[in-house]
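Content type mmCIF, C-alpha atoms (C1' of nucleotides), from the file start-v8.cif:
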```cif
data_work
loop_
_atom_site.group_PDB
_atom_site.id
_atom_site.type_symbol
_atom_site.label_atom_id
_atom_site.label_comp_id
_atom_site.auth_asym_id
_atom_site.auth_seq_id
_atom_site.Cartn_x
_atom_site.Cartn_y
_atom_site.Cartn_z
ATOM 1 C CA MET A 261 5.751 -8.126 245.367
ATOM 2 C CA ASP A 262 8.713 -9.467 247.295
ATOM 3 C CA ALA A 263 10.515 -8.126 244.266
ATOM 4 C CA GLU A 264 13.430 -10.461 243.701
ATOM 5 C CA ARG A 265 15.897 -8.893 246.078
ATOM 6 C CA ARG A 266 18.992 -7.970 244.127
ATOM 7 C CA PHE A 267 22.447 -7.568 245.536
ATOM 8 C CA TYR A 268 25.326 -5.556 244.210
ATOM 9 C CA SER A 269 29.006 -6.203 244.687
ATOM 10 C CA ILE A 270 31.345 -3.526 245.871
ATOM 11 C CA GLY A 271 32.748 -3.295 242.364
ATOM 12 C CA GLU A 272 29.362 -2.745 240.765
ATOM 13 C CA MET A 273 28.546 -0.088 243.302
ATOM 14 C CA GLY A 274 31.791 1.647 242.611
ATOM 15 C CA ASP A 275 31.309 1.620 238.866
ATOM 16 C CA GLU A 276 27.744 2.822 238.996
ATOM 17 C CA PHE A 277 28.335 5.635 241.419
ATOM 18 C CA GLY A 278 31.780 6.605 240.334
ATOM 19 C CA VAL A 279 33.541 5.881 243.617
ATOM 20 C CA THR A 280 36.313 3.451 244.442
ATOM 21 C CA ALA A 281 35.925 0.308 246.492
ATOM 22 C CA ARG A 282 38.310 1.902 248.940
ATOM 23 C CA ALA A 283 35.893 4.753 249.455
ATOM 24 C CA LEU A 284 32.987 2.385 250.007
ATOM 25 C CA ARG A 285 34.937 0.472 252.628
ATOM 26 C CA PHE A 286 35.867 3.728 254.242
ATOM 27 C CA TYR A 287 32.230 4.816 254.440
ATOM 28 C CA GLU A 288 31.510 1.495 256.058
ATOM 29 C CA ASP A 289 34.271 1.989 258.620
ATOM 30 C CA GLU A 290 32.719 5.351 259.387
ATOM 31 C CA GLU A 291 29.337 3.651 259.693
ATOM 32 C CA LEU A 292 27.616 5.463 256.872
ATOM 33 C CA ILE A 293 26.554 2.236 255.155
ATOM 34 C CA SER A 294 26.361 -1.325 256.451
ATOM 35 C CA PRO A 295 26.020 -3.777 253.608
ATOM 36 C CA GLU A 296 25.192 -7.360 254.390
ATOM 37 C CA ARG A 297 27.768 -10.084 254.090
ATOM 38 C CA ARG A 298 27.938 -13.460 252.512
ATOM 39 C CA GLY A 299 30.968 -14.735 254.342
ATOM 40 C CA THR A 300 33.279 -11.767 254.129
ATOM 41 C CA THR A 301 31.965 -10.444 250.848
ATOM 42 C CA ARG A 302 29.872 -7.311 250.939
ATOM 43 C CA LEU A 303 26.382 -7.381 249.446
ATOM 44 C CA TYR A 304 24.786 -4.037 248.783
ATOM 45 C CA THR A 305 21.008 -3.711 248.546
ATOM 46 C CA ASP A 306 18.803 -1.015 247.084
ATOM 47 C CA ARG A 307 18.586 0.578 250.494
ATOM 48 C CA ASP A 308 22.347 0.905 250.477
ATOM 49 C CA ARG A 309 22.170 2.478 247.043
ATOM 50 C CA VAL A 310 19.776 5.098 248.259
ATOM 51 C CA ARG A 311 22.019 5.857 251.205
ATOM 52 C CA LEU A 312 25.081 6.058 248.991
ATOM 53 C CA ALA A 313 23.346 8.485 246.671
ATOM 54 C CA TRP A 314 22.541 10.576 249.732
ATOM 55 C CA ILE A 315 26.119 10.447 250.904
ATOM 56 C CA LEU A 316 27.504 11.537 247.565
ATOM 57 C CA ARG A 317 25.076 14.390 247.190
ATOM 58 C CA GLY A 318 25.863 15.447 250.715
ATOM 59 C CA LYS A 319 29.512 15.508 249.815
ATOM 60 C CA ARG A 320 28.855 17.561 246.711
ATOM 61 C CA VAL A 321 27.158 20.232 248.756
ATOM 62 C CA GLY A 322 30.097 20.338 251.123
ATOM 63 C CA LEU A 323 28.879 18.307 254.083
ATOM 64 C CA SER A 324 31.495 16.344 255.975
ATOM 65 C CA LEU A 325 31.093 12.604 256.345
ATOM 66 C CA ALA A 326 30.353 13.261 260.007
ATOM 67 C CA ASP A 327 27.506 15.618 259.102
ATOM 68 C CA ILE A 328 26.153 13.117 256.635
ATOM 69 C CA LYS A 329 26.299 10.318 259.142
ATOM 70 C CA GLU A 330 24.416 12.385 261.660
ATOM 71 C CA LEU A 331 21.661 13.215 259.188
ATOM 72 C CA LEU A 332 21.377 9.627 258.018
ATOM 73 C CA ASP A 333 21.154 8.508 261.628
ATOM 74 C CA LEU A 334 18.430 11.053 262.239
ATOM 75 C CA TYR A 335 16.488 9.642 259.320
ATOM 76 C CA ASP A 336 16.743 6.228 260.913
ATOM 77 C CA ILE A 337 15.599 7.301 264.343
ATOM 78 C CA GLY A 338 12.845 9.598 263.087
ATOM 79 C CA ASP A 339 10.455 7.714 265.309
ATOM 80 C CA GLY A 340 12.191 8.148 268.631
ATOM 81 C CA ARG A 341 10.912 9.889 271.734
ATOM 82 C CA ARG A 342 9.586 13.416 271.743
ATOM 83 C CA THR A 343 12.743 15.025 273.118
ATOM 84 C CA GLN A 344 14.703 13.048 270.612
ATOM 85 C CA ARG A 345 12.513 14.330 267.814
ATOM 86 C CA LEU A 346 12.908 17.917 268.883
ATOM 87 C CA LYS A 347 16.649 17.522 268.620
ATOM 88 C CA THR A 348 16.256 15.909 265.255
ATOM 89 C CA VAL A 349 14.259 18.804 263.902
ATOM 90 C CA GLU A 350 16.711 21.238 265.389
ATOM 91 C CA ARG A 351 19.762 19.642 263.822
ATOM 92 C CA CYS A 352 18.080 19.324 260.454
ATOM 93 C CA GLN A 353 16.990 22.910 260.587
ATOM 94 C CA GLU A 354 20.560 23.998 261.259
ATOM 95 C CA GLN A 355 21.775 22.222 258.170
ATOM 96 C CA VAL A 356 18.966 23.690 256.107
ATOM 97 C CA ASP A 357 19.848 27.182 257.266
ATOM 98 C CA LYS A 358 23.490 26.567 256.485
ATOM 99 C CA LEU A 359 22.599 25.326 253.020
ATOM 100 C CA LYS A 360 20.429 28.353 252.401
ATOM 101 C CA ARG A 361 23.240 30.706 253.336
ATOM 102 C CA GLN A 362 25.502 28.706 251.088
ATOM 103 C CA ARG A 363 23.082 29.152 248.227
ATOM 104 C CA ILE A 364 23.225 32.889 248.653
ATOM 105 C CA ASP A 365 27.017 32.789 248.432
ATOM 106 C CA ILE A 366 26.852 30.580 245.393
ATOM 107 C CA ASP A 367 24.486 32.915 243.632
ATOM 108 C CA ALA A 368 26.709 35.880 244.392
ATOM 109 C CA THR A 369 29.782 34.068 243.143
ATOM 110 C CA ILE A 370 28.089 32.929 239.968
ATOM 111 C CA LYS A 371 26.902 36.445 239.334
ATOM 112 C CA GLU A 372 30.340 37.899 239.808
ATOM 113 C CA LEU A 373 32.072 35.305 237.669
ATOM 114 C CA GLU A 374 29.532 35.752 234.918
ATOM 115 C CA SER A 375 29.868 39.486 234.867
ATOM 116 C CA PHE A 376 33.637 39.088 234.759
ATOM 117 C CA ILE A 377 33.236 36.697 231.864
ATOM 118 C CA GLY A 378 31.106 39.324 230.169
ATOM 119 C CA LEU A 379 33.806 41.902 230.712
ATOM 120 C CA VAL A 380 36.590 39.765 229.292
ATOM 121 C CA LYS A 381 34.438 38.800 226.330
ATOM 122 C CA SER A 382 33.727 42.451 225.593
ATOM 123 C CA LEU A 383 37.460 43.139 225.552
ATOM 124 C CA ASP A 384 37.605 40.424 222.960
ATOM 125 C CA GLN A 385 35.348 42.309 220.575
ATOM 126 C CA GLU A 386 37.953 45.014 220.069
ATOM 127 C CA THR A 387 40.766 44.141 217.670
ATOM 128 C CA MET B 279 40.412 61.912 246.242
ATOM 129 C CA ASP B 280 43.687 60.409 247.273
ATOM 130 C CA ALA B 281 41.527 59.156 250.039
ATOM 131 C CA GLU B 282 43.792 58.847 253.060
ATOM 132 C CA ARG B 283 45.144 55.392 252.478
ATOM 133 C CA ARG B 284 44.417 53.259 255.508
ATOM 134 C CA PHE B 285 46.277 50.189 256.564
ATOM 135 C CA TYR B 286 45.110 47.322 258.686
ATOM 136 C CA SER B 287 47.164 45.038 260.877
ATOM 137 C CA ILE B 288 46.914 41.308 260.666
ATOM 138 C CA GLY B 289 45.056 41.311 263.959
ATOM 139 C CA GLU B 290 42.459 43.811 262.781
ATOM 140 C CA MET B 291 41.938 41.809 259.634
ATOM 141 C CA GLY B 292 41.479 38.637 261.615
ATOM 142 C CA ASP B 293 38.969 40.197 263.973
ATOM 143 C CA GLU B 294 36.931 41.818 261.248
ATOM 144 C CA PHE B 295 36.742 38.801 259.000
ATOM 145 C CA GLY B 296 36.646 36.137 261.638
ATOM 146 C CA VAL B 297 39.842 34.375 260.654
ATOM 147 C CA THR B 298 43.030 33.781 262.594
ATOM 148 C CA ALA B 299 46.357 35.420 261.877
ATOM 149 C CA ARG B 300 47.657 31.973 261.137
ATOM 150 C CA ALA B 301 45.130 31.609 258.352
ATOM 151 C CA LEU B 302 46.073 34.985 256.871
ATOM 152 C CA ARG B 303 49.747 34.063 256.860
ATOM 153 C CA PHE B 304 48.838 30.763 255.276
ATOM 154 C CA TYR B 305 46.920 32.500 252.501
ATOM 155 C CA GLU B 306 49.968 34.631 251.938
ATOM 156 C CA ASP B 307 52.222 31.579 251.716
ATOM 157 C CA GLU B 308 49.838 30.228 249.128
ATOM 158 C CA GLU B 309 49.977 33.556 247.313
ATOM 159 C CA LEU B 310 46.331 34.452 247.656
ATOM 160 C CA ILE B 311 47.106 37.839 249.218
ATOM 161 C CA SER B 312 50.298 39.882 249.303
ATOM 162 C CA PRO B 313 50.060 42.641 251.887
ATOM 163 C CA GLU B 314 52.718 45.318 251.949
ATOM 164 C CA ARG B 315 55.331 45.447 254.648
ATOM 165 C CA ARG B 316 56.724 48.045 256.931
ATOM 166 C CA GLY B 317 59.825 46.216 258.021
ATOM 167 C CA THR B 318 58.525 42.742 258.707
ATOM 168 C CA THR B 319 55.044 43.823 259.746
ATOM 169 C CA ARG B 320 52.189 43.183 257.345
ATOM 170 C CA LEU B 321 50.051 46.087 256.233
ATOM 171 C CA TYR B 322 46.742 45.222 254.616
ATOM 172 C CA THR B 323 45.015 47.661 252.297
ATOM 173 C CA ASP B 324 41.432 47.885 251.091
ATOM 174 C CA ARG B 325 42.385 45.935 248.035
ATOM 175 C CA ASP B 326 43.514 43.116 250.313
ATOM 176 C CA ARG B 327 40.231 43.313 252.154
ATOM 177 C CA VAL B 328 38.312 42.855 248.934
ATOM 178 C CA ARG B 329 40.460 39.880 248.030
ATOM 179 C CA LEU B 330 40.041 38.363 251.456
ATOM 180 C CA ALA B 331 36.276 38.700 251.247
ATOM 181 C CA TRP B 332 36.461 36.926 247.907
ATOM 182 C CA ILE B 333 38.595 34.169 249.369
ATOM 183 C CA LEU B 334 36.240 33.568 252.260
ATOM 184 C CA ARG B 335 33.179 33.488 250.086
ATOM 185 C CA GLY B 336 34.966 31.125 247.767
ATOM 186 C CA LYS B 337 35.652 28.867 250.700
ATOM 187 C CA ARG B 338 32.048 28.986 251.814
ATOM 188 C CA VAL B 339 30.908 27.723 248.441
ATOM 189 C CA GLY B 340 33.394 24.898 248.618
ATOM 190 C CA LEU B 341 36.183 26.100 246.351
ATOM 191 C CA SER B 342 39.679 24.972 247.263
ATOM 192 C CA LEU B 343 42.321 27.568 247.939
ATOM 193 C CA ALA B 344 43.928 26.502 244.664
ATOM 194 C CA ASP B 345 40.702 27.223 242.773
ATOM 195 C CA ILE B 346 40.369 30.565 244.483
ATOM 196 C CA LYS B 347 43.929 31.488 243.688
ATOM 197 C CA GLU B 348 43.390 30.654 240.057
ATOM 198 C CA LEU B 349 40.279 32.790 239.826
ATOM 199 C CA LEU B 350 41.899 35.703 241.608
ATOM 200 C CA ASP B 351 44.848 35.442 239.260
ATOM 201 C CA LEU B 352 42.486 35.458 236.306
ATOM 202 C CA TYR B 353 40.921 38.653 237.609
ATOM 203 C CA ASP B 354 44.353 40.193 237.733
ATOM 204 C CA ILE B 355 45.337 39.162 234.239
ATOM 205 C CA GLY B 356 41.978 39.974 232.674
ATOM 206 C CA ASP B 357 43.804 42.154 230.173
ATOM 207 C CA GLY B 358 46.229 39.615 228.769
ATOM 208 C CA ARG B 359 46.511 38.422 225.212
ATOM 209 C CA ARG B 360 43.608 37.013 223.269
ATOM 210 C CA THR B 361 44.521 33.351 223.763
ATOM 211 C CA GLN B 362 45.023 34.071 227.420
ATOM 212 C CA ARG B 363 41.594 35.633 227.619
ATOM 213 C CA LEU B 364 39.950 32.670 225.970
ATOM 214 C CA LYS B 365 41.442 30.436 228.605
ATOM 215 C CA THR B 366 40.283 32.807 231.277
ATOM 216 C CA VAL B 367 36.708 32.704 230.065
ATOM 217 C CA GLU B 368 36.882 28.968 229.761
ATOM 218 C CA ARG B 369 38.101 28.399 233.296
ATOM 219 C CA CYS B 370 35.575 30.815 234.742
ATOM 220 C CA GLN B 371 32.804 29.145 232.828
ATOM 221 C CA GLU B 372 33.820 25.798 234.250
ATOM 222 C CA GLN B 373 33.534 27.097 237.762
ATOM 223 C CA VAL B 374 30.185 28.690 236.993
ATOM 224 C CA ASP B 375 28.877 25.402 235.642
ATOM 225 C CA LYS B 376 30.152 23.581 238.672
ATOM 226 C CA LEU B 377 28.497 26.070 240.981
ATOM 227 C CA LYS B 378 25.240 25.749 239.100
ATOM 228 C CA ARG B 379 25.283 21.996 239.466
ATOM 229 C CA GLN B 380 26.066 22.456 243.121
ATOM 230 C CA ARG B 381 23.068 24.705 243.492
ATOM 231 C CA ILE B 382 20.841 21.989 242.130
ATOM 232 C CA ASP B 383 22.193 19.560 244.704
ATOM 233 C CA ILE B 384 21.714 22.089 247.457
ATOM 234 C CA ASP B 385 18.128 22.713 246.482
ATOM 235 C CA ALA B 386 17.413 18.997 246.419
ATOM 236 C CA THR B 387 19.009 18.495 249.817
ATOM 237 C CA ILE B 388 17.144 21.406 251.351
ATOM 238 C CA LYS B 389 13.900 20.103 249.957
ATOM 239 C CA GLU B 390 14.477 16.642 251.325
ATOM 240 C CA LEU B 391 15.540 17.837 254.745
ATOM 241 C CA GLU B 392 12.571 20.165 254.982
ATOM 242 C CA SER B 393 10.090 17.492 254.059
ATOM 243 C CA PHE B 394 11.693 15.231 256.641
ATOM 244 C CA ILE B 395 11.364 17.992 259.199
ATOM 245 C CA GLY B 396 7.707 18.257 258.233
ATOM 246 C CA LEU B 397 7.278 14.543 258.758
ATOM 247 C CA VAL B 398 8.871 14.512 262.185
ATOM 248 C CA LYS B 399 6.886 17.548 263.242
ATOM 249 C CA SER B 400 3.666 15.878 262.180
ATOM 250 C CA LEU B 401 4.524 12.882 264.344
ATOM 251 C CA ASP B 402 4.829 15.385 267.125
ATOM 252 C CA GLN B 403 1.226 16.474 266.799
ATOM 253 C CA GLU B 404 -0.009 13.110 267.990
ATOM 254 C CA THR B 405 -0.058 12.627 271.754
ATOM 255 C "C1'" DA C 216 45.760 -27.298 238.027
ATOM 256 C "C1'" DT C 217 46.569 -22.753 236.839
ATOM 257 C "C1'" DT C 218 45.275 -18.285 235.462
ATOM 258 C "C1'" DG C 219 42.693 -14.184 236.018
ATOM 259 C "C1'" DA C 220 39.210 -11.352 237.953
ATOM 260 C "C1'" DC C 221 37.367 -9.752 241.970
ATOM 261 C "C1'" DC C 222 37.139 -9.881 246.708
ATOM 262 C "C1'" DT C 223 39.257 -9.441 251.683
ATOM 263 C "C1'" DT C 224 41.944 -6.983 255.801
ATOM 264 C "C1'" DT C 225 45.805 -4.367 257.636
ATOM 265 C "C1'" DA C 226 48.566 -0.616 257.408
ATOM 266 C "C1'" DC C 227 51.277 3.120 256.000
ATOM 267 C "C1'" DG C 228 51.088 7.447 252.976
ATOM 268 C "C1'" DG C 229 49.551 12.067 251.600
ATOM 269 C "C1'" DA C 230 47.307 16.458 250.273
ATOM 270 C "C1'" DA C 231 44.496 20.289 252.247
ATOM 271 C "C1'" DA C 232 43.946 23.816 255.589
ATOM 272 C "C1'" DC C 233 45.107 25.322 259.129
ATOM 273 C "C1'" DG C 234 46.196 24.800 264.888
ATOM 274 C "C1'" DT C 235 49.632 25.119 268.129
ATOM 275 C "C1'" DC C 236 53.678 25.800 270.395
ATOM 276 C "C1'" DA C 237 58.419 28.007 270.524
ATOM 277 C "C1'" DA C 238 61.452 31.639 270.460
ATOM 278 C "C1'" DG C 239 62.479 35.945 269.078
ATOM 279 C "C1'" DT C 240 61.523 41.165 267.663
ATOM 280 C "C1'" DA C 241 59.464 45.850 267.274
ATOM 281 C "C1'" DG C 242 56.831 49.640 268.973
ATOM 282 C "C1'" DG C 243 54.234 52.246 272.421
ATOM 283 C "C1'" DC C 244 53.661 53.772 277.240
ATOM 284 C "C1'" DC C 245 55.101 55.179 281.993
ATOM 285 C "C1'" DG D 272 64.987 51.325 280.692
ATOM 286 C "C1'" DG D 273 61.290 47.997 281.553
ATOM 287 C "C1'" DC D 274 57.080 45.994 280.435
ATOM 288 C "C1'" DC D 275 53.209 44.724 277.631
ATOM 289 C "C1'" DT D 276 51.143 43.614 273.499
ATOM 290 C "C1'" DA D 277 51.115 42.458 268.936
ATOM 291 C "C1'" DC D 278 53.836 41.064 265.561
ATOM 292 C "C1'" DT D 279 57.373 37.806 263.257
ATOM 293 C "C1'" DT D 280 59.182 33.153 261.369
ATOM 294 C "C1'" DG D 281 59.826 28.282 261.726
ATOM 295 C "C1'" DA D 282 58.332 23.743 262.547
ATOM 296 C "C1'" DC D 283 55.671 20.000 264.056
ATOM 297 C "C1'" DG D 284 50.682 18.363 265.040
ATOM 298 C "C1'" DT D 285 45.820 17.493 263.567
ATOM 299 C "C1'" DT D 286 41.693 16.244 260.983
ATOM 300 C "C1'" DT D 287 39.444 14.652 256.861
ATOM 301 C "C1'" DC D 288 39.154 11.540 253.091
ATOM 302 C "C1'" DC D 289 40.657 8.568 251.036
ATOM 303 C "C1'" DG D 290 45.168 6.260 247.715
ATOM 304 C "C1'" DT D 291 48.171 2.621 247.507
ATOM 305 C "C1'" DA D 292 50.672 -1.300 248.264
ATOM 306 C "C1'" DA D 293 51.084 -5.857 250.796
ATOM 307 C "C1'" DA D 294 49.545 -10.361 251.213
ATOM 308 C "C1'" DG D 295 46.464 -13.125 250.448
ATOM 309 C "C1'" DG D 296 41.109 -15.864 249.810
ATOM 310 C "C1'" DT D 297 37.434 -17.428 246.295
ATOM 311 C "C1'" DC D 298 35.435 -18.826 242.286
ATOM 312 C "C1'" DA D 299 34.798 -19.481 237.254
ATOM 313 C "C1'" DA D 300 36.965 -20.550 233.119
ATOM 314 C "C1'" DT D 301 40.528 -22.736 230.470
#
```

Let me see whether you can do it: turn the structure in this file into structure tokens.
Amino acid sequence: MDAERRFYSIGEMGDEFGVTARALRFYEDEELISPERRGTTRLYTDRDRVRLAWILRGKRVGLSLADIKELLDLYDIGDGRRTQRLKTVERCQEQVDKLKRQRIDIDATIKELESFIGLVKSLDQET
Amino acid sequence: MDAERRFYSIGEMGDEFGVTARALRFYEDEELISPERRGTTRLYTDRDRVRLAWILRGKRVGLSLADIKELLDLYDIGDGRRTQRLKTVERCQEQVDKLKRQRIDIDATIKELESFIGLVKSLDQET
DNA sequence: ATTGACCTTTACGGAAACGTCAAGTAGGCC
DNA sequence: GGCCTACTTGACGTTTCCGTAAAGGTCAAT
């Protein structure tokens, strides 16, 4: 164990995750990730990679960076006081509900687009 | 038939759909809806209501207004030439694929949030 | 020693999707 | 006719999420 702690440069991170260095610095400004430093150079760890993956998936499902930050923070404080935890659960539950509603809309949209595709394709059979 | 054609004012539309008049005018600027006019006043028909519902659902699933406009336009031109129709199907299919990928992300996020909620709640049982 | 690749911060720029006045008009009611 | 309310068209402001120079520091290779 003590598995040879690897670091990743901002460039490597960008390449691997398909984001620019500018974006990574921006996420840092917004306090979504806090890589270590060697001097001024950023060193990303595996923990940062996990967080970044979370951030990007959050973005893909339409969460704002603010939402994502809040959820990541909640993850970090999961062990706070009882009142704190109640709030945590509450906020998470809100997002879950929102995502579930969003899934319903997505399904409806997919369905409609697909049936439209079917219609247009059927027009194509004539001729 | 000839079912008593009703019109709706911009205010009614806003109230019913939960959007501001400003937003409706903006959608018109962007050519997503084109209500009739009596003088300068906008008159929305049922067709406009259907389009608006489509727009809002599109927004909820994360489509940009540009995407939505394109899809609405495709609906309108569904009867174009063959080449045109192929493009139509293609573009729709792209959106469908994108939405399907998005659904996968949503499911994963929901799952993760819910298991986190479970974790925090279990901490709450102690005490 | 110089080049090139990769890193840094600071700062202005820009699209998207409206919000928010401002100033004016049109129609209905008493 | 006067008032109220809802409507109109600009036009500038705002937030989010970065892009894009500008102006350099660092380190390895040539």

- Query: Any idea what's packed within 8 Å of region 331-344 of chain A, counting only C-alpha atoms (C1' of nucleotides), ignoring anything in its chain fewer than 5 positions away? Could you give it as a VMD selection string?
  - Reply: (chain A and resid 292 311 352) or (chain B and resid 394 398 401 to 402)

Would you put the residues from that selection into a file with C-alpha atoms, as a short mmCIF file (atom, residue, chain, number, x, y, z; two decimals), in the frame of the given file?
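Everything below was put into selection.cif:
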```
data_model
loop_
_atom_site.label_atom_id
_atom_site.label_comp_id
_atom_site.auth_asym_id
_atom_site.auth_seq_id
_atom_site.Cartn_x
_atom_site.Cartn_y
_atom_site.Cartn_z
CA LEU A 292 27.62 5.46 256.87
CA ARG A 311 22.02 5.86 251.20
CA CYS A 352 18.08 19.32 260.45
CA PHE B 394 11.69 15.23 256.64
CA VAL B 398 8.87 14.51 262.18
CA LEU B 401 4.52 12.88 264.34
CA ASP B 402 4.83 15.38 267.12
#
```

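What separates CA of Gly289 (chain B) from CA of Leu341 (chain B) is a distance of 24.9 Å.
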
- Task: Could you tell me which residues the PyMOL selection byres ((chain D) within 10 of (chain B)) grabs in this file, written as a PyMOL selection string?
- Result: chain D and resi 277-280

- Do you know which residues are at most 12 Å from DA300 (chain D) counting only C-alpha atoms (C1' of nucleotides), after dropping those on the same chain fewer than 2 positions away, and could you put them as a ChimeraX atom specification? /C:217-220 /D:298

- Task: Quick one: everything within 8 Å of Ile293 (chain A), counting all atoms listed in the file, minus sequence neighbours fewer than 5 positions away in the same chain. Send it as a VMD selection string.
- Result: chain A and resid 287 to 288 308 311 to 312

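For DG284 (chain D), the non-local neighbours within 12 Å, defined as residues at least 2 positions apart in the same chain or in other chains and counting all atoms listed in the file, are DC233, DG234, DT235 and DC236 of chain C; DA282 and DT286 of chain D.
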
May I have the selected residues written with C-alpha atoms (C1' of nucleotides), as a short mmCIF file (atom, residue, chain, number, x, y, z; two decimals), in the frame of the given file?
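Below is the file that was written, selection.cif:
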```cif
data_model
loop_
_atom_site.label_atom_id
_atom_site.label_comp_id
_atom_site.auth_asym_id
_atom_site.auth_seq_id
_atom_site.Cartn_x
_atom_site.Cartn_y
_atom_site.Cartn_z
"C1'" DC C 233 45.11 25.32 259.13
"C1'" DG C 234 46.20 24.80 264.89
"C1'" DT C 235 49.63 25.12 268.13
"C1'" DC C 236 53.68 25.80 270.40
"C1'" DA D 282 58.33 23.74 262.55
"C1'" DT D 286 41.69 16.24 260.98
#
```

Wanna dump the chain A-chain B contacts at 9 Å for me, each residue with its shortest atom pair and the distance in Å to one decimal, counting only C-alpha atoms, ordered by chain and number, as a Markdown table?
```
| residue | atom | partner | partner_atom | distance |
| --- | --- | --- | --- | --- |
| A:Trp314 | CA | B:Thr387 | CA | 8.7 |
| A:Arg317 | CA | B:Asp383 | CA | 6.4 |
| A:Gly318 | CA | B:Thr387 | CA | 7.6 |
| A:Arg320 | CA | B:Gln380 | CA | 6.7 |
| A:Val321 | CA | B:Ile384 | CA | 5.9 |
| A:Gly322 | CA | B:Gly340 | CA | 6.2 |
| A:Leu331 | CA | B:Leu391 | CA | 8.9 |
| A:Tyr335 | CA | B:Phe394 | CA | 7.8 |
| A:Gly338 | CA | B:Val398 | CA | 6.4 |
| A:Asp339 | CA | B:Val398 | CA | 7.6 |
| A:Arg342 | CA | B:Asp402 | CA | 6.9 |
| A:Arg345 | CA | B:Val398 | CA | 6.7 |
| A:Leu346 | CA | B:Lys399 | CA | 8.3 |
| A:Thr348 | CA | B:Ile395 | CA | 8.1 |
| A:Val349 | CA | B:Ile395 | CA | 5.6 |
| A:Glu350 | CA | B:Ile395 | CA | 8.8 |
| A:Cys352 | CA | B:Leu391 | CA | 6.4 |
| A:Gln353 | CA | B:Ile395 | CA | 7.6 |
| A:Gln355 | CA | B:Ile388 | CA | 8.3 |
| A:Val356 | CA | B:Ile388 | CA | 5.6 |
| A:Asp357 | CA | B:Ile388 | CA | 8.7 |
| A:Leu359 | CA | B:Ile384 | CA | 6.5 |
| A:Lys360 | CA | B:Ile388 | CA | 7.8 |
| A:Gln362 | CA | B:Val339 | CA | 6.1 |
| A:Arg363 | CA | B:Arg381 | CA | 6.5 |
| A:Asp365 | CA | B:Val339 | CA | 6.4 |
| A:Ile366 | CA | B:Val339 | CA | 5.8 |
| A:Asp367 | CA | B:Arg381 | CA | 8.3 |
| A:Ala368 | CA | B:Arg335 | CA | 8.9 |
| A:Thr369 | CA | B:Gly336 | CA | 7.5 |
| A:Ile370 | CA | B:Val374 | CA | 5.6 |
| A:Lys371 | CA | B:Val374 | CA | 8.7 |
| A:Leu373 | CA | B:Cys370 | CA | 6.4 |
| A:Glu374 | CA | B:Val374 | CA | 7.4 |
| A:Phe376 | CA | B:Tyr353 | CA | 7.8 |
| A:Ile377 | CA | B:Val367 | CA | 5.6 |
| A:Gly378 | CA | B:Val367 | CA | 8.7 |
| A:Leu379 | CA | B:Gly356 | CA | 8.6 |
| A:Val380 | CA | B:Gly356 | CA | 6.4 |
| A:Lys381 | CA | B:Val367 | CA | 7.5 |
| A:Leu383 | CA | B:Asp357 | CA | 7.9 |
| A:Asp384 | CA | B:Arg360 | CA | 6.9 |
```

Let me see the file: selected residues, C-alpha atoms, as a CSV table (one decimal), in the frame of the given file.
```
chain,number,residue,atom,x,y,z
A,314,TRP,CA,22.5,10.6,249.7
A,317,ARG,CA,25.1,14.4,247.2
A,318,GLY,CA,25.9,15.4,250.7
A,320,ARG,CA,28.9,17.6,246.7
A,321,VAL,CA,27.2,20.2,248.8
A,322,GLY,CA,30.1,20.3,251.1
A,331,LEU,CA,21.7,13.2,259.2
A,335,TYR,CA,16.5,9.6,259.3
A,338,GLY,CA,12.8,9.6,263.1
A,339,ASP,CA,10.5,7.7,265.3
A,342,ARG,CA,9.6,13.4,271.7
A,345,ARG,CA,12.5,14.3,267.8
A,346,LEU,CA,12.9,17.9,268.9
A,348,THR,CA,16.3,15.9,265.3
A,349,VAL,CA,14.3,18.8,263.9
A,350,GLU,CA,16.7,21.2,265.4
A,352,CYS,CA,18.1,19.3,260.5
A,353,GLN,CA,17.0,22.9,260.6
A,355,GLN,CA,21.8,22.2,258.2
A,356,VAL,CA,19.0,23.7,256.1
A,357,ASP,CA,19.8,27.2,257.3
A,359,LEU,CA,22.6,25.3,253.0
A,360,LYS,CA,20.4,28.4,252.4
A,362,GLN,CA,25.5,28.7,251.1
A,363,ARG,CA,23.1,29.2,248.2
A,365,ASP,CA,27.0,32.8,248.4
A,366,ILE,CA,26.9,30.6,245.4
A,367,ASP,CA,24.5,32.9,243.6
A,368,ALA,CA,26.7,35.9,244.4
A,369,THR,CA,29.8,34.1,243.1
A,370,ILE,CA,28.1,32.9,240.0
A,371,LYS,CA,26.9,36.4,239.3
A,373,LEU,CA,32.1,35.3,237.7
A,374,GLU,CA,29.5,35.8,234.9
A,376,PHE,CA,33.6,39.1,234.8
A,377,ILE,CA,33.2,36.7,231.9
A,378,GLY,CA,31.1,39.3,230.2
A,379,LEU,CA,33.8,41.9,230.7
A,380,VAL,CA,36.6,39.8,229.3
A,381,LYS,CA,34.4,38.8,226.3
A,383,LEU,CA,37.5,43.1,225.6
A,384,ASP,CA,37.6,40.4,223.0
```

- Pull the neighbourhood of (47.1, -9.6, 253.3) for me: all residues within 9 Å in file coordinates, counting only C-alpha atoms (C1' of nucleotides), as a PyMOL selection string. (chain C and resi 223-225) or (chain D and resi 293-295)
